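Student: Dropping in data_27.cif, with mmCIF, C-alpha atoms and all ligand atoms.
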```cif
data_upload
#
loop_
_atom_site.label_atom_id
_atom_site.label_comp_id
_atom_site.auth_asym_id
_atom_site.auth_seq_id
_atom_site.Cartn_x
_atom_site.Cartn_y
_atom_site.Cartn_z
CA MET A 1 0.00 0.00 0.00
CA ASN A 2 1.41 3.39 -1.01
CA ILE A 3 0.07 6.05 1.35
CA LEU A 4 0.63 9.76 1.99
CA ILE A 5 -0.60 11.24 5.26
CA MET A 6 -1.03 15.00 5.34
CA GLY A 7 -2.21 17.63 7.78
CA PRO A 8 -0.93 20.65 9.72
CA ALA A 9 1.30 20.31 12.78
CA GLY A 10 -0.73 18.73 15.58
CA ALA A 11 -3.34 17.15 13.30
CA GLY A 12 -2.31 13.70 14.57
CA LYS A 13 -0.16 12.49 11.69
CA GLY A 14 2.21 10.68 14.07
CA THR A 15 -0.60 9.04 16.06
CA MET A 16 -2.52 7.94 12.96
CA SER A 17 0.69 6.70 11.35
CA ASP A 18 1.38 4.41 14.34
CA LEU A 19 -2.12 2.94 14.03
CA ILE A 20 -1.84 2.48 10.25
CA LEU A 21 1.49 0.64 10.70
CA LYS A 22 -0.20 -1.89 12.98
CA GLU A 23 -2.46 -2.85 10.05
CA TYR A 24 -0.04 -2.60 7.11
CA ASP A 25 3.49 -3.98 6.93
CA ILE A 26 5.10 -0.89 5.41
CA PRO A 27 7.78 1.55 6.64
CA HIS A 28 6.86 4.89 8.18
CA ILE A 29 8.85 7.57 6.40
CA SER A 30 8.61 10.90 8.20
CA THR A 31 10.76 13.61 6.60
CA GLY A 32 10.59 15.56 9.91
CA ASP A 33 12.00 12.53 11.82
CA MET A 34 14.68 11.94 9.19
CA LEU A 35 15.75 15.58 9.42
CA ARG A 36 15.73 15.57 13.23
CA GLU A 37 17.94 12.46 13.20
CA ASN A 38 20.37 14.29 10.93
CA VAL A 39 20.33 17.29 13.29
CA ARG A 40 21.01 14.98 16.29
CA ASN A 41 23.91 13.31 14.45
CA ASN A 42 25.21 16.71 13.33
CA THR A 43 25.49 15.62 9.68
CA GLU A 44 26.02 18.17 6.89
CA LEU A 45 22.32 17.83 6.01
CA GLY A 46 21.38 18.29 9.68
CA LYS A 47 23.50 21.41 10.07
CA MET A 48 21.87 22.95 6.99
CA ALA A 49 18.31 21.92 7.93
CA LYS A 50 18.51 23.04 11.58
CA THR A 51 18.09 26.78 11.00
CA TYR A 52 15.04 26.27 8.79
CA MET A 53 13.47 23.82 11.23
CA GLU A 54 13.94 25.96 14.32
CA ALA A 55 12.32 28.88 12.51
CA GLY A 56 9.37 26.69 11.46
CA LYS A 57 10.38 27.20 7.81
CA LEU A 58 10.52 24.55 5.11
CA VAL A 59 13.85 22.98 4.19
CA PRO A 60 14.60 23.55 0.45
CA ASP A 61 12.78 21.23 -2.00
CA ASP A 62 15.84 19.80 -3.78
CA VAL A 63 17.34 18.63 -0.46
CA ILE A 64 14.11 16.95 0.63
CA ASN A 65 13.39 15.38 -2.78
CA ALA A 66 16.84 13.78 -2.93
CA MET A 67 16.47 12.47 0.64
CA VAL A 68 13.07 10.89 -0.11
CA GLU A 69 14.09 9.45 -3.49
CA ASP A 70 16.98 7.68 -1.79
CA ARG A 71 14.75 6.41 1.04
CA LEU A 72 12.08 5.00 -1.31
CA GLN A 73 14.69 2.82 -3.03
CA GLN A 74 15.54 1.00 0.22
CA PRO A 75 14.48 -2.68 0.29
CA ASP A 76 11.90 -2.16 3.07
CA CYS A 77 9.78 -0.09 0.66
CA GLN A 78 9.08 -3.15 -1.54
CA LYS A 79 5.60 -3.53 -0.04
CA GLY A 80 4.86 0.18 -0.10
CA TYR A 81 5.31 3.18 2.17
CA LEU A 82 3.59 5.54 4.54
CA LEU A 83 4.98 8.99 3.80
CA ASP A 84 4.40 11.52 6.56
CA GLY A 85 5.17 15.22 6.12
CA PHE A 86 6.06 14.89 2.44
CA PRO A 87 5.32 16.22 -0.16
CA ARG A 88 4.78 19.60 1.45
CA THR A 89 5.07 21.88 -1.60
CA LEU A 90 3.81 21.70 -5.17
CA VAL A 91 7.39 21.28 -6.43
CA GLN A 92 7.87 18.31 -4.08
CA ALA A 93 4.52 16.83 -5.18
CA GLU A 94 5.33 17.06 -8.89
CA GLU A 95 8.78 15.57 -8.37
CA PHE A 96 7.44 12.88 -6.05
CA LYS A 97 4.76 11.81 -8.55
CA LYS A 98 7.49 11.31 -11.18
CA ILE A 99 9.79 9.41 -8.80
CA ALA A 100 6.98 7.20 -7.48
CA GLU A 101 5.85 6.28 -11.00
CA LYS A 102 9.44 5.68 -12.13
CA ILE A 103 10.06 3.16 -9.35
CA GLY A 104 6.62 1.55 -9.84
CA LYS A 105 5.11 2.76 -6.58
CA PRO A 106 2.52 5.41 -7.45
CA VAL A 107 0.53 6.81 -4.55
CA GLU A 108 -2.72 4.94 -3.88
CA SER A 109 -4.17 6.91 -1.00
CA VAL A 110 -3.75 10.45 0.35
CA ILE A 111 -5.13 10.92 3.86
CA ALA A 112 -5.75 14.63 4.53
CA LEU A 113 -6.28 15.26 8.27
CA GLU A 114 -8.18 18.48 9.04
CA VAL A 115 -8.40 20.27 12.43
CA ASP A 116 -9.39 23.80 13.64
CA PHE A 117 -6.56 26.19 14.62
CA ASP A 118 -7.67 26.52 18.30
CA GLN A 119 -7.64 22.80 18.75
CA LEU A 120 -4.18 22.61 17.18
CA VAL A 121 -2.87 25.19 19.68
CA ASP A 122 -4.01 23.01 22.56
CA ARG A 123 -2.52 19.87 21.05
CA ILE A 124 0.80 21.44 20.10
CA THR A 125 1.52 23.34 23.31
CA GLY A 126 0.58 20.29 25.42
CA ARG A 127 2.60 17.82 23.34
CA ARG A 128 5.56 16.10 25.00
CA ILE A 129 7.80 13.60 23.29
CA CYS A 130 10.24 10.97 24.41
CA PRO A 131 13.66 11.77 22.89
CA LYS A 132 14.73 8.14 23.38
CA CYS A 133 11.90 5.94 22.01
CA GLY A 134 9.76 8.52 20.18
CA ALA A 135 6.56 7.97 22.24
CA ILE A 136 4.18 10.94 22.07
CA TYR A 137 2.17 12.30 25.04
CA HIS A 138 -0.13 15.22 25.86
CA ILE A 139 -0.05 16.85 29.32
CA ARG A 140 -3.86 16.53 29.69
CA ASN A 141 -5.30 14.21 27.03
CA HIS A 142 -2.63 11.52 27.13
CA ALA A 143 -0.52 12.15 30.20
CA PRO A 144 2.29 9.76 31.19
CA LYS A 145 1.79 7.86 34.49
CA THR A 146 4.57 9.93 36.11
CA GLU A 147 4.72 13.56 35.08
CA GLY A 148 7.55 14.24 32.64
CA ILE A 149 8.67 10.59 32.39
CA CYS A 150 8.12 8.21 29.45
CA ASP A 151 5.91 5.20 30.33
CA GLU A 152 7.66 3.08 27.71
CA CYS A 153 11.35 3.59 28.49
CA GLY A 154 11.64 5.86 31.56
CA ALA A 155 13.42 8.70 29.73
CA GLU A 156 12.69 12.34 30.58
CA LEU A 157 10.09 13.81 28.21
CA THR A 158 10.90 16.94 26.24
CA GLN A 159 9.03 19.54 24.23
CA ARG A 160 9.92 20.07 20.59
CA LYS A 161 11.57 23.49 20.08
CA ASP A 162 9.02 24.33 17.39
CA ASP A 163 5.97 23.36 19.50
CA THR A 164 5.05 26.93 20.52
CA VAL A 165 2.05 29.09 19.53
CA GLU A 166 4.35 31.45 17.57
CA GLN A 167 5.93 28.60 15.60
CA LEU A 168 2.54 26.98 15.10
CA LYS A 169 1.28 30.17 13.42
CA VAL A 170 4.30 30.18 11.10
CA ARG A 171 3.88 26.45 10.35
CA MET A 172 0.13 26.89 9.81
CA ASP A 173 0.70 29.77 7.35
CA GLU A 174 3.33 27.68 5.61
CA TYR A 175 0.86 24.79 5.47
CA GLU A 176 -1.93 26.90 4.00
CA LYS A 177 0.40 28.47 1.47
CA SER A 178 2.48 25.45 0.42
CA THR A 179 0.70 22.24 1.35
CA LYS A 180 -2.95 22.91 0.50
CA PRO A 181 -1.94 23.13 -3.20
CA VAL A 182 -0.39 19.68 -2.81
CA ILE A 183 -3.75 18.23 -1.81
CA ASP A 184 -5.34 20.03 -4.77
CA PHE A 185 -2.64 18.50 -7.00
CA PHE A 186 -3.60 14.94 -5.98
CA GLU A 187 -7.36 15.60 -6.02
CA PRO A 188 -7.88 14.87 -9.76
CA LEU A 189 -6.25 11.44 -9.28
CA GLY A 190 -9.20 10.48 -7.06
CA VAL A 191 -6.95 9.28 -4.21
CA VAL A 192 -7.60 12.00 -1.58
CA SER A 193 -9.74 11.38 1.52
CA HIS A 194 -10.55 14.38 3.78
CA ILE A 195 -10.82 13.30 7.41
CA ASN A 196 -12.15 15.39 10.33
CA ALA A 197 -9.21 14.83 12.70
CA GLY A 198 -10.70 16.98 15.48
CA GLN A 199 -12.70 13.95 16.68
CA ALA A 200 -11.66 11.28 19.19
CA LYS A 201 -8.66 9.18 18.14
CA ASP A 202 -10.66 5.94 17.62
CA ILE A 203 -13.22 7.65 15.41
CA VAL A 204 -10.53 9.35 13.35
CA PHE A 205 -8.75 6.04 12.86
CA ALA A 206 -11.96 4.24 11.88
CA GLU A 207 -12.45 6.86 9.17
CA VAL A 208 -8.82 6.58 8.06
CA LYS A 209 -9.13 2.79 7.82
CA ALA A 210 -12.33 3.03 5.81
CA ALA A 211 -10.59 5.46 3.45
CA LEU A 212 -7.62 3.11 2.99
CA GLU A 213 -9.89 0.15 2.30
CA LYS A 214 -11.94 2.09 -0.25
P1 LIG B 301 7.43 17.82 11.03
O1 LIG B 301 7.98 16.94 12.08
O2 LIG B 301 6.84 17.07 9.86
O3 LIG B 301 6.48 18.86 11.59
O4 LIG B 301 8.66 18.62 10.40
C1 LIG B 301 9.46 19.46 11.21
C2 LIG B 301 10.22 20.45 10.33
O5 LIG B 301 11.08 19.73 9.40
C3 LIG B 301 9.36 21.33 9.44
O6 LIG B 301 8.87 22.47 10.13
C4 LIG B 301 10.35 21.69 8.33
O7 LIG B 301 11.29 22.65 8.77
C5 LIG B 301 11.11 20.38 8.14
N1 LIG B 301 10.46 19.50 7.13
C6 LIG B 301 9.88 18.29 7.35
N2 LIG B 301 9.39 17.76 6.21
C7 LIG B 301 9.65 18.68 5.24
C8 LIG B 301 9.36 18.76 3.84
N3 LIG B 301 8.69 17.79 3.20
N4 LIG B 301 9.77 19.86 3.17
C9 LIG B 301 10.45 20.85 3.77
N5 LIG B 301 10.73 20.85 5.09
C10 LIG B 301 10.34 19.79 5.83
#
```
If you took the structure in this file and wrote it as structure tokens, what would it be?
Ligand code: AMP

Tutor:
Amino acid sequence: MNILIMGPAGAGKGTMSDLILKEYDIPHISTGDMLRENVRNNTELGKMAKTYMEAGKLVPDDVINAMVEDRLQQPDCQKGYLLDGFPRTLVQAEEFKKIAEKIGKPVESVIALEVDFDQLVDRITGRRICPKCGAIYHIRNHAPKTEGICDECGAELTQRKDDTVEQLKVRMDEYEKSTKPVIDFFEPLGVVSHINAGQAKDIVFAEVKAALEK
């Protein structure tokens, strides 16, 4: 199954991706995670991407396209992929469509998660992540058993540097400007499903599953 999951920061892309992966044996390819790993390892790519990321700005298209093209050729993508956070601009979408067709893995389903801005503010400012195992929490809606500590691995939870209201506004503007046209680009292919992601997690996932099985 070849899937794209799209939505603004805080729409639940990470949470829905985890649930999708339990049903389909495909790799989760998050460009944000790949970039953060490069930043952590202080690679050339990471050093370049860091300034854009901390400002909530998009990393240049050619860098991202090359990174994704390389990733899609890895053996674990034989059965398909779940791409999360890519493509984010029209240029990326056009290039991705060509790459995906060239390697025989055209996109089959685009899941577009939609949530109101106020709800996103609550989700983003309350989000805490485990830097060690990647588990995601929320200080009210999905609190860890011990405040500030990961239930899974015991590491101290952190807040992403870009998870502030100011950065959310920048990322939201960027999303409206750059990513909405991406959804419009895929629309004529008949693969896009619009999901109201402001609902409870189980309901959202039921709708996502129905869309994937369509
Ligand atoms: P995310 O975790 O998807 O919210 O991504 C975090 C940050 O990584 C974004 O704010 C961008 O700076 C960068 N990033 C992730 N994916 C892309 C992409 N497809 N194109 C450009 N920049 C990206």

Student: Return as an MDAnalysis selection string the residues of protein, DNA or RNA that approach ligand LIG 301 (chain B) to within 8 Å, with all atoms listed in the file taken into account.

Tutor: chainID A and resid 8:9 30:33 35:36 49:50 52:61 64:65 84:89 92 162 171

Student: Looking at A:Arg71, A:His138, A:His194, A:Arg160, which one is nearest to A:Met34, with distances taken over all atoms listed in the file?

Tutor: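 Of the candidates, the smallest distance to A:Met34 is held by A:Arg71.
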
Student: What separation in Å, quoted to one decimal, exists between atom CA of A:Gly198 and atom CA of A:Asp25?

Tutor: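 These two atoms are separated by 26.7 Å.
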
Student: At what distance in Å, to one decimal, does atom CA of A:Asp18 lie from atom CA of A:Val68?

Tutor: 19.7 Å

Student: Could you tell me how far atom CA of A:Glu166 sits from atom CA of A:Arg140, in Å to one decimal place?

Tutor: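 Between atom CA of A:Arg140 and atom CA of A:Glu166 the gap is 20.9 Å.
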
Student: Here is a test: counting all atoms listed in the file, which residue of A:Leu4, A:Leu157, A:Cys150, A:Cys133 is nearest to A:Val182?

Tutor: A:Leu4

Student: List as a list in words the protein and nucleic acid residues near stretch 201-213 of chain A, meaning an atom at most 10 Å away when all atoms listed in the file are counted, but skip any in the same chain fewer than 5 places from it.

Tutor: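 Returned residues: Met1, Asn2, Ile3, Ile5, Gly12, Thr15, Met16, Ser17, Leu19, Ile20, Glu23, Glu108, Ser109, Val110, Ile111, Ala112, Leu113, Val191, Val192, Ser193, His194, Ile195 and Asn196 of chain A.
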